[in-house]
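upload-v2.cif follows; it contains mmCIF, C-alpha atoms and all ligand atoms.
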```cif
data_upload
#
loop_
_atom_site.group_PDB
_atom_site.id
_atom_site.type_symbol
_atom_site.label_atom_id
_atom_site.label_comp_id
_atom_site.auth_asym_id
_atom_site.auth_seq_id
_atom_site.Cartn_x
_atom_site.Cartn_y
_atom_site.Cartn_z
ATOM 1 C CA MET A 193 -29.305 3.509 21.446
ATOM 2 C CA ALA A 194 -27.160 6.594 21.274
ATOM 3 C CA LEU A 195 -24.680 6.903 18.459
ATOM 4 C CA VAL A 196 -21.271 5.483 19.224
ATOM 5 C CA THR A 197 -17.851 6.306 17.868
ATOM 6 C CA LEU A 198 -15.872 4.051 15.579
ATOM 7 C CA ARG A 199 -13.362 3.605 18.392
ATOM 8 C CA GLN A 200 -16.031 2.237 20.757
ATOM 9 C CA VAL A 201 -17.544 -0.137 18.258
ATOM 10 C CA LEU A 202 -14.202 -1.472 17.012
ATOM 11 C CA GLN A 203 -12.622 -1.908 20.425
ATOM 12 C CA ASP A 204 -15.388 -4.335 21.349
ATOM 13 C CA ALA A 205 -15.065 -6.181 18.029
ATOM 14 C CA ARG A 206 -11.339 -6.579 18.492
ATOM 15 C CA LYS A 207 -11.681 -7.773 22.055
ATOM 16 C CA ARG A 208 -14.394 -10.328 21.259
ATOM 17 C CA LYS A 209 -13.000 -11.408 17.874
ATOM 18 C CA TYR A 210 -15.681 -10.462 15.390
ATOM 19 C CA ALA A 211 -15.854 -7.827 12.666
ATOM 20 C CA VAL A 212 -18.320 -4.978 12.442
ATOM 21 C CA GLY A 213 -19.742 -4.485 8.971
ATOM 22 C CA GLY A 214 -18.852 -1.153 7.412
ATOM 23 C CA PHE A 215 -21.778 -0.921 4.983
ATOM 24 C CA ASN A 216 -21.900 1.981 2.560
ATOM 25 C CA VAL A 217 -25.378 3.145 1.655
ATOM 26 C CA PHE A 218 -26.455 5.299 -1.262
ATOM 27 C CA ASN A 219 -30.219 5.787 -1.013
ATOM 28 C CA PHE A 220 -33.260 5.119 1.170
ATOM 29 C CA GLU A 221 -33.579 1.458 0.188
ATOM 30 C CA THR A 222 -29.981 0.562 1.047
ATOM 31 C CA LEU A 223 -30.111 2.659 4.232
ATOM 32 C CA GLY A 224 -33.326 0.973 5.375
ATOM 33 C CA ALA A 225 -32.020 -2.486 4.469
ATOM 34 C CA VAL A 226 -28.793 -2.142 6.467
ATOM 35 C CA VAL A 227 -30.328 -0.584 9.572
ATOM 36 C CA GLU A 228 -33.292 -2.991 9.692
ATOM 37 C CA VAL A 229 -31.041 -6.049 9.422
ATOM 38 C CA ALA A 230 -28.682 -4.718 12.112
ATOM 39 C CA GLU A 231 -31.700 -4.271 14.380
ATOM 40 C CA GLU A 232 -33.146 -7.691 13.534
ATOM 41 C CA LEU A 233 -29.822 -9.468 14.158
ATOM 42 C CA LYS A 234 -28.764 -7.302 17.121
ATOM 43 C CA ALA A 235 -25.544 -6.445 15.344
ATOM 44 C CA PRO A 236 -23.425 -3.325 15.902
ATOM 45 C CA LEU A 237 -22.974 -1.334 12.726
ATOM 46 C CA VAL A 238 -20.784 1.162 10.918
ATOM 47 C CA LEU A 239 -23.137 3.017 8.607
ATOM 48 C CA GLY A 240 -21.173 4.831 5.951
ATOM 49 C CA ILE A 241 -21.223 6.965 2.859
ATOM 50 C CA ALA A 242 -18.198 7.601 0.692
ATOM 51 C CA GLU A 243 -17.093 11.067 -0.374
ATOM 52 C CA ARG A 244 -17.075 9.774 -3.957
ATOM 53 C CA LEU A 245 -20.874 9.552 -3.715
ATOM 54 C CA PHE A 246 -21.287 13.258 -2.999
ATOM 55 C CA LYS A 247 -21.623 14.114 -6.659
ATOM 56 C CA PHE A 248 -24.322 11.521 -7.331
ATOM 57 C CA VAL A 249 -26.886 12.040 -4.572
ATOM 58 C CA ASP A 250 -28.225 14.744 -2.257
ATOM 59 C CA VAL A 251 -25.871 13.728 0.547
ATOM 60 C CA ASP A 252 -27.017 16.377 3.017
ATOM 61 C CA THR A 253 -30.492 14.828 2.971
ATOM 62 C CA LEU A 254 -29.164 11.272 2.961
ATOM 63 C CA ALA A 255 -26.866 12.028 5.918
ATOM 64 C CA ALA A 256 -29.801 13.477 7.892
ATOM 65 C CA ALA A 257 -31.791 10.302 7.154
ATOM 66 C CA MET A 258 -28.840 8.151 8.254
ATOM 67 C CA ALA A 259 -28.621 10.025 11.557
ATOM 68 C CA ARG A 260 -32.359 9.701 12.114
ATOM 69 C CA ALA A 261 -32.343 5.967 11.312
ATOM 70 C CA ALA A 262 -29.336 5.373 13.575
ATOM 71 C CA GLN A 263 -30.928 7.207 16.495
ATOM 72 C CA ARG A 264 -34.043 5.072 16.247
ATOM 73 C CA THR A 265 -32.267 1.697 16.431
ATOM 74 C CA SER A 266 -31.487 -0.175 19.619
ATOM 75 C CA VAL A 267 -28.045 -1.307 18.388
ATOM 76 C CA PRO A 268 -24.803 0.713 18.521
ATOM 77 C CA VAL A 269 -24.243 2.578 15.256
ATOM 78 C CA ALA A 270 -21.239 4.645 14.203
ATOM 79 C CA LEU A 271 -22.036 7.136 11.452
ATOM 80 C CA HIS A 272 -19.027 7.130 9.208
ATOM 81 C CA LEU A 273 -17.586 9.039 6.266
ATOM 82 C CA ASP A 274 -15.821 6.475 4.083
ATOM 83 C CA HIS A 275 -12.798 7.525 2.018
ATOM 84 C CA GLY A 276 -12.787 11.210 2.829
ATOM 85 C CA HIS A 277 -10.235 12.638 0.424
ATOM 86 C CA THR A 278 -10.634 16.339 1.047
ATOM 87 C CA TYR A 279 -10.664 18.602 4.071
ATOM 88 C CA GLU A 280 -14.052 19.960 2.935
ATOM 89 C CA GLY A 281 -15.546 16.478 2.670
ATOM 90 C CA VAL A 282 -14.408 15.561 6.157
ATOM 91 C CA MET A 283 -15.742 18.827 7.624
ATOM 92 C CA ARG A 284 -19.087 18.237 5.955
ATOM 93 C CA ALA A 285 -19.378 14.903 7.787
ATOM 94 C CA VAL A 286 -18.445 16.664 11.032
ATOM 95 C CA ARG A 287 -21.293 19.135 10.423
ATOM 96 C CA TRP A 288 -23.722 16.259 9.838
ATOM 97 C CA GLY A 289 -22.939 14.955 13.332
ATOM 98 C CA PHE A 290 -21.100 11.839 12.124
ATOM 99 C CA THR A 291 -19.192 10.037 14.868
ATOM 100 C CA SER A 292 -16.400 8.828 12.620
ATOM 101 C CA VAL A 293 -14.484 9.986 9.570
ATOM 102 C CA MET A 294 -11.983 8.272 7.365
ATOM 103 C CA PHE A 295 -9.239 10.379 5.921
ATOM 104 C CA ASP A 296 -7.771 8.525 2.974
ATOM 105 C CA GLY A 297 -4.437 10.095 2.154
ATOM 106 C CA SER A 298 -3.057 6.916 0.619
ATOM 107 C CA ALA A 299 -2.536 8.583 -2.759
ATOM 108 C CA LEU A 300 -0.228 11.145 -1.110
ATOM 109 C CA SER A 301 3.379 10.660 -0.074
ATOM 110 C CA ILE A 302 3.622 8.986 3.339
ATOM 111 C CA ALA A 303 4.922 12.228 4.896
ATOM 112 C CA GLU A 304 2.035 14.258 3.480
ATOM 113 C CA ASN A 305 -0.510 11.590 4.431
ATOM 114 C CA LEU A 306 0.847 11.603 7.980
ATOM 115 C CA LYS A 307 0.735 15.396 8.233
ATOM 116 C CA LYS A 308 -2.862 15.698 6.989
ATOM 117 C CA THR A 309 -4.170 12.680 8.918
ATOM 118 C CA LYS A 310 -2.612 14.027 12.108
ATOM 119 C CA GLU A 311 -4.219 17.437 11.654
ATOM 120 C CA ILE A 312 -7.647 15.968 10.916
ATOM 121 C CA THR A 313 -7.366 13.601 13.888
ATOM 122 C CA ARG A 314 -6.506 16.473 16.226
ATOM 123 C CA ILE A 315 -9.618 18.382 15.135
ATOM 124 C CA ALA A 316 -11.875 15.299 15.112
ATOM 125 C CA HIS A 317 -10.756 14.130 18.552
ATOM 126 C CA SER A 318 -11.402 17.551 20.011
ATOM 127 C CA LEU A 319 -15.027 17.018 18.904
ATOM 128 C CA GLY A 320 -15.253 13.426 20.137
ATOM 129 C CA ILE A 321 -15.126 11.974 16.619
ATOM 130 C CA SER A 322 -13.027 8.939 15.668
ATOM 131 C CA VAL A 323 -10.695 8.779 12.679
ATOM 132 C CA GLU A 324 -9.775 5.924 10.362
ATOM 133 C CA GLY A 325 -6.562 6.436 8.415
ATOM 134 C CA GLU A 326 -5.241 4.572 5.396
ATOM 135 C CA LEU A 327 -1.739 3.583 4.532
ATOM 136 C CA GLY A 328 -0.679 1.666 1.476
ATOM 137 C CA TYR A 329 -2.425 1.125 -1.781
ATOM 138 C CA ILE A 330 -5.860 -0.489 -1.887
ATOM 139 C CA SER A 331 -6.848 -0.738 -5.520
ATOM 140 C CA HIS A 332 -9.916 0.980 -6.861
ATOM 141 C CA CYS A 333 -12.456 -0.514 -9.199
ATOM 142 C CA ASP A 334 -10.783 -2.239 -12.109
ATOM 143 C CA ASP A 335 -7.278 -1.017 -11.560
ATOM 144 C CA VAL A 336 -5.277 -3.850 -10.051
ATOM 145 C CA THR A 337 -2.534 -4.345 -12.599
ATOM 146 C CA GLY A 338 1.019 -4.101 -11.468
ATOM 147 C CA ILE A 339 0.314 -4.063 -7.719
ATOM 148 C CA THR A 340 2.781 -6.201 -5.846
ATOM 149 C CA THR A 341 3.621 -6.876 -2.239
ATOM 150 C CA ASN A 342 6.564 -4.502 -2.761
ATOM 151 C CA GLU A 343 4.042 -1.709 -2.476
ATOM 152 C CA PHE A 344 3.007 -2.726 1.030
ATOM 153 C CA VAL A 345 4.251 -0.136 3.526
ATOM 154 C CA PRO A 346 6.873 -1.587 5.930
ATOM 155 C CA ALA A 347 5.601 -2.391 9.447
ATOM 156 C CA ASP A 348 7.878 0.115 11.214
ATOM 157 C CA VAL A 349 6.542 2.914 8.995
ATOM 158 C CA VAL A 350 2.982 1.812 9.773
ATOM 159 C CA MET A 351 3.782 1.864 13.490
ATOM 160 C CA ASP A 352 5.240 5.364 13.225
ATOM 161 C CA PHE A 353 2.153 6.553 11.287
ATOM 162 C CA VAL A 354 -0.277 5.216 13.899
ATOM 163 C CA THR A 355 1.692 6.613 16.834
ATOM 164 C CA LYS A 356 2.124 10.077 15.357
ATOM 165 C CA THR A 357 -1.349 10.537 13.910
ATOM 166 C CA LYS A 358 -3.196 9.023 16.925
ATOM 167 C CA ILE A 359 -5.823 7.509 14.608
ATOM 168 C CA ASP A 360 -8.424 5.130 16.043
ATOM 169 C CA ALA A 361 -8.395 2.556 13.240
ATOM 170 C CA LEU A 362 -6.208 1.796 10.260
ATOM 171 C CA ALA A 363 -7.220 0.629 6.790
ATOM 172 C CA VAL A 364 -4.466 -1.583 5.477
ATOM 173 C CA ALA A 365 -3.552 -3.013 2.105
ATOM 174 C CA ALA A 366 -3.573 -6.779 2.477
ATOM 175 C CA GLY A 367 -4.453 -8.085 -0.952
ATOM 176 C CA THR A 368 -8.099 -7.097 -1.341
ATOM 177 C CA GLY A 369 -9.288 -4.363 -3.690
ATOM 178 C CA HIS A 370 -12.431 -2.292 -4.112
ATOM 179 C CA GLY A 371 -14.843 -2.975 -6.904
ATOM 180 C CA THR A 372 -15.588 -5.984 -9.041
ATOM 181 C CA VAL A 373 -12.083 -7.152 -9.915
ATOM 182 C CA LYS A 374 -10.397 -8.960 -7.045
ATOM 183 C CA GLY A 375 -6.856 -9.489 -8.218
ATOM 184 C CA MET A 376 -3.518 -9.058 -6.456
ATOM 185 C CA GLY A 377 -3.178 -12.753 -5.588
ATOM 186 C CA GLY A 378 -5.837 -12.698 -2.881
ATOM 187 C CA LEU A 379 -5.591 -12.084 0.831
ATOM 188 C CA ASN A 380 -2.212 -11.746 2.455
ATOM 189 C CA ILE A 381 -2.776 -13.109 5.954
ATOM 190 C CA ALA A 382 0.894 -12.970 6.907
ATOM 191 C CA ARG A 383 0.823 -9.253 6.178
ATOM 192 C CA LEU A 384 -2.215 -8.752 8.414
ATOM 193 C CA ALA A 385 -0.651 -10.747 11.244
ATOM 194 C CA GLU A 386 2.527 -8.679 10.991
ATOM 195 C CA LEU A 387 0.632 -5.374 11.149
ATOM 196 C CA SER A 388 -1.719 -6.461 13.879
ATOM 197 C CA ASN A 389 1.279 -7.351 16.037
ATOM 198 C CA ALA A 390 2.984 -4.063 15.201
ATOM 199 C CA VAL A 391 0.180 -1.606 15.975
ATOM 200 C CA ASP A 392 -2.257 -1.138 18.795
ATOM 201 C CA VAL A 393 -5.308 -0.041 16.796
ATOM 202 C CA PRO A 394 -8.026 -2.156 15.181
ATOM 203 C CA LEU A 395 -7.402 -2.853 11.490
ATOM 204 C CA VAL A 396 -9.949 -2.321 8.739
ATOM 205 C CA LEU A 397 -10.293 -4.425 5.618
ATOM 206 C CA HIS A 398 -11.569 -2.592 2.563
ATOM 207 C CA GLY A 399 -12.723 -4.473 -0.506
ATOM 208 C CA GLY A 400 -14.825 -6.951 1.487
ATOM 209 C CA SER A 401 -17.336 -7.841 -1.255
ATOM 210 C CA LYS A 402 -17.089 -11.518 -2.249
ATOM 211 C CA LEU A 403 -15.002 -12.559 0.763
ATOM 212 C CA SER A 404 -15.969 -16.052 1.857
ATOM 213 C CA ARG A 405 -16.976 -16.961 5.398
ATOM 214 C CA GLU A 406 -13.642 -18.737 5.877
ATOM 215 C CA ASP A 407 -11.717 -15.676 4.669
ATOM 216 C CA CYS A 408 -13.658 -13.491 7.085
ATOM 217 C CA ARG A 409 -12.758 -15.725 10.041
ATOM 218 C CA LEU A 410 -9.126 -15.758 8.970
ATOM 219 C CA VAL A 411 -8.836 -11.962 8.721
ATOM 220 C CA ILE A 412 -10.686 -11.447 12.011
ATOM 221 C CA ASP A 413 -8.279 -13.817 13.743
ATOM 222 C CA ASN A 414 -5.476 -11.681 12.363
ATOM 223 C CA GLY A 415 -6.508 -8.239 13.594
ATOM 224 C CA ILE A 416 -9.386 -7.104 11.358
ATOM 225 C CA ALA A 417 -12.244 -5.503 13.320
ATOM 226 C CA LYS A 418 -14.222 -3.931 10.440
ATOM 227 C CA ILE A 419 -14.896 -5.233 6.944
ATOM 228 C CA ASN A 420 -16.242 -2.809 4.350
ATOM 229 C CA ILE A 421 -18.929 -3.674 1.832
ATOM 230 C CA ALA A 422 -20.092 -1.361 -0.952
ATOM 231 C CA THR A 423 -19.858 -2.957 -4.402
ATOM 232 C CA ASP A 424 -22.019 -5.971 -3.577
ATOM 233 C CA MET A 425 -24.788 -3.719 -2.270
ATOM 234 C CA SER A 426 -24.969 -1.957 -5.592
ATOM 235 C CA LEU A 427 -24.661 -5.182 -7.625
ATOM 236 C CA SER A 428 -27.315 -7.025 -5.663
ATOM 237 C CA ALA A 429 -29.705 -4.072 -5.933
ATOM 238 C CA ALA A 430 -29.206 -3.994 -9.718
ATOM 239 C CA ASP A 431 -29.574 -7.792 -9.960
ATOM 240 C CA ARG A 432 -32.817 -7.690 -8.043
ATOM 241 C CA LEU A 433 -34.111 -4.931 -10.294
ATOM 242 C CA ARG A 434 -33.315 -6.916 -13.462
ATOM 243 C CA THR A 435 -34.882 -10.119 -12.104
ATOM 244 C CA GLU A 436 -37.993 -8.327 -10.992
ATOM 245 C CA LEU A 437 -38.397 -6.493 -14.313
ATOM 246 C CA ALA A 438 -37.919 -9.729 -16.248
ATOM 247 C CA LYS A 439 -40.654 -11.333 -14.124
ATOM 248 C CA SER A 440 -43.075 -8.434 -14.325
ATOM 249 C CA PRO A 441 -42.086 -5.869 -16.988
ATOM 250 C CA SER A 442 -44.911 -3.500 -16.073
ATOM 251 C CA ALA A 443 -44.152 -3.473 -12.307
ATOM 252 C CA ASN A 444 -44.450 -0.039 -10.768
ATOM 253 C CA TYR A 445 -41.524 1.675 -9.095
ATOM 254 C CA ILE A 446 -42.784 1.198 -5.542
ATOM 255 C CA HIS A 447 -42.953 -2.551 -6.120
ATOM 256 C CA LEU A 448 -39.421 -2.530 -7.559
ATOM 257 C CA MET A 449 -38.046 -0.495 -4.640
ATOM 258 C CA THR A 450 -39.535 -2.929 -2.147
ATOM 259 C CA SER A 451 -38.031 -5.864 -3.945
ATOM 260 C CA VAL A 452 -34.604 -4.204 -4.195
ATOM 261 C CA LYS A 453 -34.626 -3.559 -0.470
ATOM 262 C CA LYS A 454 -35.436 -7.219 0.216
ATOM 263 C CA GLY A 455 -32.506 -8.315 -1.970
ATOM 264 C CA VAL A 456 -30.089 -5.993 -0.180
ATOM 265 C CA LYS A 457 -31.362 -7.208 3.188
ATOM 266 C CA ASP A 458 -30.567 -10.817 2.231
ATOM 267 C CA LEU A 459 -27.055 -9.762 1.274
ATOM 268 C CA VAL A 460 -26.473 -7.819 4.510
ATOM 269 C CA ARG A 461 -27.690 -10.818 6.551
ATOM 270 C CA LYS A 462 -25.198 -13.060 4.750
ATOM 271 C CA TYR A 463 -22.273 -10.724 5.450
ATOM 272 C CA MET A 464 -23.248 -10.161 9.075
ATOM 273 C CA LEU A 465 -23.290 -13.915 9.569
ATOM 274 C CA ASN A 466 -19.837 -14.156 7.951
ATOM 275 C CA PHE A 467 -18.504 -11.351 10.148
ATOM 276 C CA ASP A 468 -19.775 -13.127 13.276
ATOM 277 C CA CYS A 469 -21.267 -9.857 14.524
ATOM 278 C CA ILE A 470 -24.768 -11.209 15.190
ATOM 279 C CA SER A 471 -26.089 -10.729 18.762
ATOM 280 C CA ARG A 472 -22.983 -8.714 19.652
ATOM 281 C CA ALA A 473 -24.859 -5.478 20.340
ATOM 282 C CA ILE A 474 -24.564 -4.674 24.002
HETATM 283 P P1 LIG A 501 -16.030 -3.458 -1.991
HETATM 284 O O1 LIG A 501 -15.835 -2.650 -3.236
HETATM 285 O O2 LIG A 501 -15.315 -4.788 -2.086
HETATM 286 O O3 LIG A 501 -17.442 -3.618 -1.620
HETATM 287 O O4 LIG A 501 -15.302 -2.671 -0.824
HETATM 288 C C1 LIG A 501 -15.904 -1.517 -0.305
HETATM 289 C C2 LIG A 501 -15.002 -0.696 0.499
HETATM 290 O O5 LIG A 501 -13.937 -1.116 0.907
HETATM 291 C C3 LIG A 501 -15.458 0.679 0.790
HETATM 292 O O6 LIG A 501 -14.517 1.383 1.509
#
```

Just give me the structure as structure tokens.
Amino acid sequence: MALVTLRQVLQDARKRKYAVGGFNVFNFETLGAVVEVAEELKAPLVLGIAERLFKFVDVDTLAAAMARAAQRTSVPVALHLDHGHTYEGVMRAVRWGFTSVMFDGSALSIAENLKKTKEITRIAHSLGISVEGELGYISHCDDVTGITTNEFVPADVVMDFVTKTKIDALAVAAGTGHGTVKGMGGLNIARLAELSNAVDVPLVLHGGSKLSREDCRLVIDNGIAKINIATDMSLSAADRLRTELAKSPSANYIHLMTSVKKGVKDLVRKYMLNFDCISRAI
């Protein structure tokens, strides 16, 4: 299957009321796990890496492996840069042949975010690449103190942002956060419903790790077409490593790698089931 854009994959998800998994990978084991499960379950996929990862791994090599793995599958795959914060990061993903980039200008003023997102979208669209924008604060890692619904961006401002930037998908703050601490009073479904009525683009939920099956159905019914998972991939890989080492302390690395990949595959299967994206590949 040829690579698809984020726009293509999310339009179908929105129309048929499921969510595509936006899985962030960080090495060969996680890449293999995600792509193999998508193939096995006939699920469309958004295969991502975050700009934050650039300093930890050889991303040029990883990106080439992602492209190769995506081209070999029979399911639609969008290759995606998650949380691009810099112009250089976004352009690097363009050079890799990614079909989708996220520009996360949520730490900027709304005016500055709009200006930069619009410019990046103009360039990306001229190359046939989709763009995900972000408005409003989605907490990072352990920093969730003091976030209130007052910090949600008003719906008319969101509408203006989407219209002017021409983005293909919008990441919204709706009560979830990245990382291991899930505070902020949980999901705000009313907020999602309000935004999904206000804008004409698929919405993206970040901070998807630990969402229950019921929560997933609820957010999908209220406009979410992609749910991102990163933290749980890393935690389940580390868990698997610890369990395996406790069982066989002298296990060699190849054995450990294989076991880690199996653990991540189980996790990806669980989320794909929750997202209702199984057998949706067309
Ligand atoms: P988690 O940290 O909950 O896995 O969310 C990941 C994410 O939203 C990446 O963009």

### Message
Please find the residues contacting ligand LIG 501 (chain A) at a distance of at most 6 Å between atoms, with all atoms listed in the file counted, and report them as a PyMOL selection string.
### Response
chain A and resi 274+370-371+398-401+420-424

### Task
Write out as a PyMOL selection string the residues lying within 8 Å of A:Ala429, counting only C-alpha atoms and excluding same-chain residues fewer than 3 positions away.
chain A and resi 425-426+432-433+452-453+455-456

### Contacts of stretch 286-293 of chain A within 7 Å, only C-alpha atoms, excl. fewer than 5 positions in-chain, as an MDAnalysis selection string
chainID A and resid 196:198 255:256 270:274 321:324

### Task
Please write the residues picked by the PyMOL selection byres (((chain A and resi 461-467) around 9) and not hetatm) on this file as a PyMOL selection string.
chain A and resi 210-213+226+229-230+233+235+401+403-409+412+418-419+421+456-460+468-470

### Query
Pick from A:Phe248, A:Arg284, A:Glu231, A:Gly214: nearest to A:Leu397, with only C-alpha atoms counted?
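Answer, going by the shortest atom-to-atom distance: A:Gly214.
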
### Query
Skipping near chain neighbours, those fewer than 5 positions away, what residues fall within 9 Å of A:Val251 using only C-alpha atoms, listed as a list in words?
Phe218, Ile241, Leu245, Phe246 and Ala256 of chain A

### Message
Suppose a student applies the PyMOL selection byres (((chain A and resi 305) around 12) and not hetatm) to this structure; what residues should they get, written as a list in words?
### Response
His277, Thr278, Phe295, Asp296, Gly297, Ser298, Ala299, Leu300, Ser301, Ile302, Ala303, Glu304, Leu306, Lys307, Lys308, Thr309, Lys310, Glu311, Ile312, Thr313, Gly325, Glu326, Leu327, Gly328, Val350, Phe353, Val354, Lys356 and Thr357 of chain A

### Message
Under the PyMOL selection byres (((chain A and resi 380-395) around 9) and not hetatm), which residues of this model are included? Write them out as number ranges by chain.
### Response
A: 199, 202-203, 205-206, 341, 344, 346-348, 350-351, 354-355, 359-368, 377-379, 396-397, 410-411, 413-418

### Message
So the first atom is atom CA of A:Thr450 and the second is atom CA of A:Gly240; what is the distance between them in Å, to one decimal place?
### Response
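We find that atom CA of A:Thr450 and atom CA of A:Gly240 lie 21.5 Å from each other.
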
### Coordinates-based distance that separates atom CA of A:Thr253 from atom CA of A:Glu221 (Å, one decimal)
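Straight-line distance from atom CA of A:Glu221 to atom CA of A:Thr253 works out to 14.0 Å.
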
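Interatomic distance, atom CA of A:Val217 against atom CA of A:Met294: 15.4 Å.
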
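The closest residue to A:Pro268, picked from A:Arg434, A:Lys358, A:Lys207, A:Arg472 and counting all atoms listed in the file, is A:Arg472.
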
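By chain and then residue number, the residues within 6 Å of A:Ala473 are A:Lys234, A:Ala235, A:Pro236, A:Val267, counting only C-alpha atoms and disregarding those fewer than 4 positions away in sequence.
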
### Task
Determine the nearest neighbour of A:His275 from the options A:Arg260, A:Asn216, A:Val201, A:Leu223, counting only C-alpha atoms.
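Among the listed residues, A:Asn216 lies closest to A:His275.
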
### Query
Counting all atoms listed in the file, which of A:Ala225, A:Ile474, A:Ala257, A:Leu195 gets nearest to A:Ser451?
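When distances to A:Ser451 are compared using all atoms listed in the file, the smallest one comes from A:Ala225.
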